[in-house]
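Coordinates as given in coords.cif (mmCIF, C-alpha atoms):
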data_structure
loop_
_atom_site.label_atom_id
_atom_site.label_comp_id
_atom_site.auth_asym_id
_atom_site.auth_seq_id
_atom_site.Cartn_x
_atom_site.Cartn_y
_atom_site.Cartn_z
CA MET A 26 118.26 132.16 129.43
CA ALA A 27 118.84 128.76 130.97
CA PRO A 28 116.27 126.07 130.17
CA VAL A 29 113.60 125.50 132.83
CA ARG A 30 114.39 122.63 135.21
CA TYR A 31 110.95 121.05 135.42
CA ILE A 32 111.82 118.06 137.59
CA ASP A 33 113.32 120.15 140.40
CA ALA A 34 110.58 122.78 140.23
CA ILE A 35 107.66 120.37 140.19
CA THR A 36 109.17 118.09 142.82
CA GLN A 37 109.55 121.04 145.20
CA ARG A 38 106.10 122.39 144.32
CA TYR A 39 104.40 119.09 145.16
CA ALA A 40 106.46 118.71 148.35
CA SER A 41 105.38 122.16 149.53
CA LEU A 42 101.76 121.09 148.98
CA GLY A 43 102.30 117.84 150.86
CA TYR A 44 101.80 115.71 147.74
CA ALA A 45 103.59 112.55 146.77
CA PRO A 46 106.43 113.19 144.33
CA TYR A 47 105.86 112.45 140.65
CA ARG A 48 108.33 109.81 139.54
CA TRP A 49 109.84 110.66 136.19
CA TYR A 50 111.56 107.90 134.36
CA VAL A 51 115.30 108.09 134.97
CA ALA A 52 117.48 105.94 132.76
CA ASP A 53 120.21 104.00 134.50
CA ASP A 54 122.15 102.98 131.45
CA LYS A 55 122.99 104.12 127.95
CA PRO A 56 120.29 103.68 125.34
CA SER A 57 120.50 101.29 122.42
CA PHE A 58 121.34 102.86 119.11
CA ALA A 59 119.95 101.48 115.86
CA PRO A 60 121.53 102.99 112.75
CA LEU A 61 119.22 104.08 109.93
CA LYS A 62 118.83 101.27 107.42
CA LYS A 63 118.26 103.69 104.56
CA PRO A 64 118.46 107.42 103.95
CA LEU A 65 115.80 109.62 105.54
CA SER A 66 114.46 110.40 102.06
CA GLN A 67 113.67 106.71 101.56
CA SER A 68 112.43 105.97 105.06
CA ARG A 69 108.84 105.58 106.19
CA LEU A 70 108.31 107.81 109.23
CA GLY A 71 106.08 106.80 112.12
CA VAL A 72 104.87 109.41 114.60
CA LEU A 73 103.91 109.07 118.26
CA THR A 74 102.49 112.02 120.19
CA THR A 75 101.89 111.84 123.94
CA SER A 76 99.82 115.02 123.92
CA GLY A 77 96.45 113.34 124.46
CA CYS A 78 95.37 114.17 120.91
CA TYR A 79 92.22 112.55 119.55
CA VAL A 80 90.02 113.15 116.53
CA ALA A 81 86.52 114.52 117.06
CA GLY A 82 84.30 111.44 117.14
CA GLN A 83 86.85 109.28 118.96
CA VAL A 84 86.56 108.55 122.68
CA ALA A 85 88.65 111.04 124.67
CA TYR A 86 91.29 109.94 127.18
CA HIS A 87 90.61 109.77 130.87
CA TYR A 88 93.12 111.00 133.42
CA LYS A 89 93.76 107.95 135.57
CA ASP A 90 96.60 106.11 133.89
CA ASP A 91 94.83 105.84 130.53
CA ALA A 92 97.22 103.62 128.57
CA SER A 93 95.11 103.42 125.41
CA ILE A 94 96.09 104.79 122.01
CA ARG A 95 94.22 106.58 119.24
CA LEU A 96 95.15 106.61 115.56
CA ILE A 97 95.19 110.04 113.96
CA PRO A 98 95.06 109.57 110.17
CA MET A 99 97.67 111.76 108.50
CA ASP A 100 95.02 113.29 106.25
CA THR A 101 92.84 114.40 109.18
CA PRO A 102 91.69 118.02 108.82
CA VAL A 103 93.49 119.96 111.53
CA ASP A 104 90.26 121.47 112.81
CA ARG A 105 89.14 117.96 113.83
CA LEU A 106 92.02 117.48 116.30
CA ARG A 107 91.20 117.65 120.01
CA PHE A 108 93.19 117.16 123.21
CA ALA A 109 92.65 115.62 126.62
CA HIS A 110 95.67 115.43 128.95
CA ILE A 111 95.90 115.47 132.72
CA THR A 112 98.00 118.63 132.52
CA GLU A 113 95.39 120.61 130.62
CA ASN A 114 97.17 123.84 131.52
CA TYR A 115 99.72 123.08 128.80
CA LEU A 116 97.01 122.67 126.14
CA VAL A 117 95.78 126.25 125.91
CA ASP A 118 97.54 126.96 122.63
CA ALA A 119 97.17 123.44 121.18
CA ARG A 120 93.42 123.66 121.57
CA ARG A 121 93.55 126.81 119.39
CA ASP A 122 96.21 125.53 117.00
CA PRO A 123 96.75 121.76 117.29
CA GLU A 124 99.82 121.93 115.08
CA CYS A 125 102.05 123.26 117.83
CA LEU A 126 101.87 119.67 119.13
CA VAL A 127 100.64 117.59 116.17
CA PRO A 128 102.01 119.23 112.99
CA LEU A 129 100.03 117.39 110.32
CA THR A 130 100.57 120.15 107.72
CA ALA A 131 104.33 120.07 108.19
CA LEU A 132 104.36 116.26 108.19
CA ARG A 133 102.42 116.08 104.92
CA ALA A 134 104.82 118.64 103.45
CA VAL A 135 107.98 116.69 104.30
CA ARG A 136 106.35 113.62 102.72
CA ASP A 137 105.23 115.48 99.60
CA GLU A 138 108.65 117.12 99.19
CA GLY A 139 110.54 113.86 99.66
CA VAL A 140 112.34 114.84 102.86
CA VAL A 141 111.06 111.49 104.10
CA GLY A 142 110.10 108.64 101.82
CA ALA A 143 106.63 108.10 103.29
CA LEU A 144 104.57 108.48 106.44
CA GLY A 145 102.79 105.85 108.46
CA ASP A 146 99.13 106.21 107.51
CA ALA A 147 98.24 107.49 110.97
CA ALA A 148 100.07 109.09 113.86
CA ILE A 149 99.79 107.17 117.12
CA SER A 150 98.51 109.23 120.01
CA CYS A 151 98.39 108.59 123.75
CA MET A 152 97.93 110.55 126.96
CA GLY A 153 101.42 110.85 128.37
CA GLY A 154 100.44 111.49 131.98
CA ILE A 155 100.55 107.83 133.02
CA TYR A 156 101.89 107.44 136.55
CA SER A 157 102.45 103.69 136.39
CA GLN A 158 105.66 102.80 134.55
CA ARG A 159 104.46 99.20 134.63
CA ARG A 160 101.39 100.15 132.61
CA VAL A 161 103.56 102.09 130.17
CA ARG A 162 105.78 99.03 129.67
CA GLU A 163 103.09 96.34 129.68
CA GLU A 164 100.11 98.10 128.07
CA LEU A 165 101.09 101.20 126.15
CA ILE A 166 104.41 100.29 124.56
CA PRO A 167 103.21 96.96 123.08
CA GLN A 168 100.39 98.81 121.28
CA VAL A 169 102.85 101.38 119.93
CA GLU A 170 105.26 98.67 118.85
CA GLY A 171 102.52 96.64 117.18
CA THR A 172 101.14 99.64 115.30
CA PHE A 173 104.54 100.78 114.05
CA LYS A 174 105.32 97.25 112.90
CA GLN A 175 101.97 97.01 111.12
CA GLN A 176 102.69 100.35 109.45
CA GLN A 177 106.14 99.06 108.49
CA VAL A 178 107.81 102.27 109.59
CA ASP A 179 111.58 102.53 109.27
CA ILE A 180 112.05 105.34 111.80
CA ALA A 181 109.89 106.88 114.52
CA LEU A 182 109.48 110.48 115.65
CA LEU A 183 108.30 110.68 119.26
CA VAL A 184 106.87 113.98 120.43
CA PRO A 185 106.23 114.44 124.13
CA MET A 186 104.10 117.36 125.23
CA MET B 25 108.34 108.81 126.06
CA SER B 26 111.98 107.97 126.65
CA LEU B 27 110.94 104.48 127.76
CA ALA B 28 109.12 103.95 124.45
CA ALA B 29 112.05 105.35 122.46
CA ARG B 30 114.54 103.07 124.16
CA HIS B 31 112.29 100.06 123.68
CA LEU B 32 111.70 100.71 119.96
CA GLU B 33 115.36 101.41 119.37
CA ALA B 34 116.30 98.09 120.99
CA LEU B 35 113.97 96.43 118.48
CA GLY B 36 115.92 98.08 115.66
CA ILE B 37 113.64 101.05 114.92
CA PRO B 38 115.65 104.29 115.02
CA THR B 39 113.83 106.90 117.10
CA LEU B 40 114.06 110.60 117.73
CA CYS B 41 112.37 112.44 120.63
CA LEU B 42 111.42 116.07 120.00
CA GLY B 43 110.67 117.81 123.27
CA SER B 44 110.81 121.06 125.18
CA ALA B 45 111.76 119.88 128.69
CA LEU B 46 115.54 119.50 128.62
CA ASP B 47 115.94 118.00 132.07
CA ILE B 48 113.26 115.37 131.43
CA LEU B 49 115.00 114.43 128.17
CA GLU B 50 118.33 114.22 129.98
CA ALA B 51 116.86 112.01 132.70
CA GLY B 52 115.22 109.64 130.22
CA ALA B 53 118.26 109.47 127.94
CA PRO B 54 116.49 108.49 124.73
CA PRO B 55 118.73 107.35 121.86
CA ARG B 56 118.34 110.63 119.90
CA ALA B 57 116.67 113.83 121.00
CA VAL B 58 116.09 117.35 119.81
CA PHE B 59 115.36 120.06 122.38
CA VAL B 60 113.33 123.12 121.47
CA ASP B 61 113.32 125.72 124.23
CA TYR B 62 109.66 126.67 124.07
CA PRO B 63 107.04 126.53 126.85
CA LEU B 64 105.62 123.04 127.36
CA GLY B 65 102.79 122.41 124.95
CA HIS B 66 104.68 123.70 121.89
CA SER B 67 107.07 120.86 121.06
CA THR B 68 106.52 121.32 117.32
CA GLY B 69 106.51 125.09 117.10
CA LYS B 70 104.73 128.32 117.79
CA PRO B 71 100.95 128.39 117.48
CA PHE B 72 99.61 129.63 114.14
CA ASP B 73 103.16 129.84 112.79
CA ARG B 74 103.34 127.27 110.00
CA ALA B 75 106.86 128.40 109.04
CA ASP B 76 108.16 127.79 112.55
CA GLN B 77 106.37 124.43 112.76
CA ALA B 78 107.97 123.41 109.46
CA ARG B 79 111.38 124.61 110.67
CA VAL B 80 111.17 122.63 113.90
CA LEU B 81 110.02 119.43 112.19
CA ARG B 82 112.66 119.61 109.46
CA ALA B 83 115.43 120.32 111.94
CA ALA B 84 114.29 117.42 114.08
CA LEU B 85 114.18 115.02 111.14
CA SER B 86 117.64 116.03 109.99
CA ALA B 87 118.94 114.92 113.40
CA PHE B 88 118.09 111.33 112.43
CA GLU B 89 121.05 111.53 110.07
CA THR B 90 123.38 113.80 112.02
CA ILE B 91 123.29 112.18 115.47
CA LYS B 92 125.91 109.45 115.57
CA SER B 93 126.23 108.81 119.28
CA PRO B 94 123.50 107.36 121.57
CA GLY B 95 122.03 109.79 124.06
CA THR B 96 122.82 112.91 122.03
CA ILE B 97 120.47 115.88 122.52
CA VAL B 98 120.60 118.50 119.78
CA HIS B 99 119.57 122.01 120.88
CA LEU B 100 117.52 123.88 118.28
CA SER B 101 117.68 127.61 118.03
CA SER B 102 114.52 128.95 119.66
CA ASP B 103 113.23 132.49 119.77
CA TRP B 104 110.01 132.52 121.76
CA PRO B 105 109.00 136.17 121.78
CA ASP B 106 109.25 136.67 125.54
CA ASP B 107 110.70 134.92 128.58
CA GLY B 108 107.85 135.64 130.96
CA TRP B 109 106.71 132.01 130.93
CA ARG B 110 109.97 130.74 132.41
CA GLU B 111 109.40 132.09 135.89
CA ALA B 112 106.02 130.42 136.31
CA ALA B 113 107.19 127.19 134.66
CA GLY B 114 110.23 126.96 136.90
CA SER B 115 108.58 128.09 140.11
CA THR B 116 108.95 125.83 143.14
CA ARG B 117 105.75 127.27 144.62
CA GLY B 118 102.19 127.34 143.38
CA ASP B 119 99.18 125.12 143.00
CA ASP B 120 98.99 121.63 141.59
CA THR B 121 97.82 122.25 138.03
CA ARG B 122 96.91 118.63 137.30
CA MET B 123 93.32 117.68 136.67
CA PRO B 124 91.56 115.17 138.97
CA ARG B 125 92.45 111.56 138.17
CA ASP B 126 89.41 109.48 137.31
CA THR B 127 88.34 107.22 134.48
CA THR B 128 85.75 109.47 132.82
CA PRO B 129 86.72 110.47 129.26
CA GLN B 130 87.58 114.17 129.29
CA TYR B 131 86.19 115.64 126.09
CA GLN B 132 87.42 118.98 124.86
CA THR B 133 83.90 119.93 123.83
CA ASP B 134 80.37 118.65 124.46
CA GLU B 135 80.01 118.13 120.72
CA ASP B 136 82.96 115.69 120.83
CA ARG B 137 81.20 113.76 123.56
CA ARG B 138 77.99 113.53 121.54
CA LEU B 139 79.87 112.40 118.42
CA ALA B 140 81.85 109.75 120.28
CA GLU B 141 78.86 108.42 122.18
CA ALA B 142 76.81 108.25 118.97
CA SER B 143 79.65 106.36 117.32
CA LEU B 144 79.82 103.90 120.23
CA MET B 145 76.06 103.32 120.00
CA ARG B 146 76.42 102.37 116.33
CA SER B 147 79.28 99.97 116.89
#

Take the structure in the file and give it back as structure tokens.
Amino acid sequence: MAPVRYIDAITQRYASLGYAPYRWYVADDKPSFAPLKKPLSQSRLGVLTTSGCYVAGQVAYHYKDDASIRLIPMDTPVDRLRFAHITENYLVDARRDPECLVPLTALRAVRDEGVVGALGDAAISCMGGIYSQRRVREELIPQVEGTFKQQQVDIALLVPM
Amino acid sequence: MSLAARHLEALGIPTLCLGSALDILEAGAPPRAVFVDYPLGHSTGKPFDRADQARVLRAALSAFETIKSPGTIVHLSSDWPDDGWREAAGSTRGDDTRMPRDTTPQYQTDEDRRLAEASLMRS
């Protein structure tokens, strides 16, 4: 079957309810392209999840343009992972099995088996439902950039919800 | 997500977005993407299926080395057991499923709230 067209469906749904349209980011030019500097098996992998994941004991996200990040140590027991995201309806399964959004077991396995050279010591997490693109650019992205640089990652896997 | 990917890539960090909303990936045009045709909320595989989660992650990582052209979206084979979710996900009618927008932390459990607040008290 054809993939779901979320933008059309949700735009029409909100319009029928009389709500303002959600403004997805639409690129107006081709992206940059940075070649890998070394093979995957020698690269340190950074991970960013926008699923609203946090570790039990950390402060949860709020739902009004929360542009903060949490660090999820790669050795976190999976049963300590929690989620808070403005579209909670998509979290039903992740709250039962967090690894359908934050696959720590699979990440540790690709590190241990040498598929990647190493992992950043923690995945970066944020709550992706931020309506202000300005806040994404000015607040969120600098934190992500700074953390990846500190972790000295060579490549970054970004996992939207 | 695509904004972050494009920014990091411009700094020289190769990125790969792994997502399950094809049209949102197409609109954002990240440098490299892998599309898995599962319901939203399962970007890294089926729940309680460690083999599928490993498959999705490994396939995504291999795309770091196979994608040679900016903006490429690789489609992973996906076999969600039924297609019933598609109708609701693609419906142009229905309620707004978003939660209210305010600045109160939204804990998954009351225990999380107690743990976090105790931690804040100590710091």

Test item: the PyMOL selection byres ((chain B and resi 64-70) around 6) resolved as a PDB file with C-alpha atoms, in the frame of the given file:
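Okay, out.pdb is ready:
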ATOM      1  CA  TYR A 115      99.720 123.080 128.800  1.00  0.00           C
ATOM      2  CA  LEU A 116      97.010 122.670 126.140  1.00  0.00           C
ATOM      3  CA  CYS A 125     102.050 123.260 117.830  1.00  0.00           C
ATOM      4  CA  LEU A 126     101.870 119.670 119.130  1.00  0.00           C
ATOM      5  CA  MET A 186     104.100 117.360 125.230  1.00  0.00           C
TER       6      MET A 186
ATOM      7  CA  GLY B  43     110.670 117.810 123.270  1.00  0.00           C
ATOM      8  CA  SER B  44     110.810 121.060 125.180  1.00  0.00           C
ATOM      9  CA  PRO B  63     107.040 126.530 126.850  1.00  0.00           C
ATOM     10  CA  PRO B  71     100.950 128.390 117.480  1.00  0.00           C
ATOM     11  CA  ASP B  73     103.160 129.840 112.790  1.00  0.00           C
ATOM     12  CA  ASP B  76     108.160 127.790 112.550  1.00  0.00           C
ATOM     13  CA  GLN B  77     106.370 124.430 112.760  1.00  0.00           C
ATOM     14  CA  VAL B  80     111.170 122.630 113.900  1.00  0.00           C
TER      15      VAL B  80
END

As an MDAnalysis selection string, could you give me every residue of chain B near chain A (at most 6 Å apart, counting only C-alpha atoms)?
chainID B and resid 28 30 33:34 36:43 47 51:52 55 65:71 78 94 114:117 122:123 125:131 136 139:140

Looking at A:Arg159, A:Gln175, A:Ile149, A:Leu144, which one is nearest to Ser93 (chain A), with distances taken over all atoms listed in the file?
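Distance minimum relative to Ser93 (chain A) lands on A:Ile149.
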
Find the distance between CA of Gly145 (chain A) and CA of Gln176 (chain A) and write it in Å to one decimal.
5.6 Å

For CA of Arg146 (chain B) and CA of Glu164 (chain A), determine how far apart the two atoms are, in Å to one decimal place.
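Answer for the CA of Arg146 (chain B) to CA of Glu164 (chain A) separation: 26.8 Å.
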
Would you write out, as a VMD selection string, every residue that the PyMOL selection byres ((chain B and resi 96) around 9) captures in this file?
chain B and resid 53 to 58 91 to 95 97 to 98

Mind pulling up the distance from CA of Glu111 (chain B) to CA of Ala45 (chain B)?
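Computing the Euclidean distance for CA of Ala45 (chain B) and CA of Glu111 (chain B) yields 14.4 Å.
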
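Considering all atoms listed in the file, the residue among B:Leu49, B:Ala87, B:Met25, B:Ser147 positioned nearest to Leu100 (chain B) is B:Ala87.
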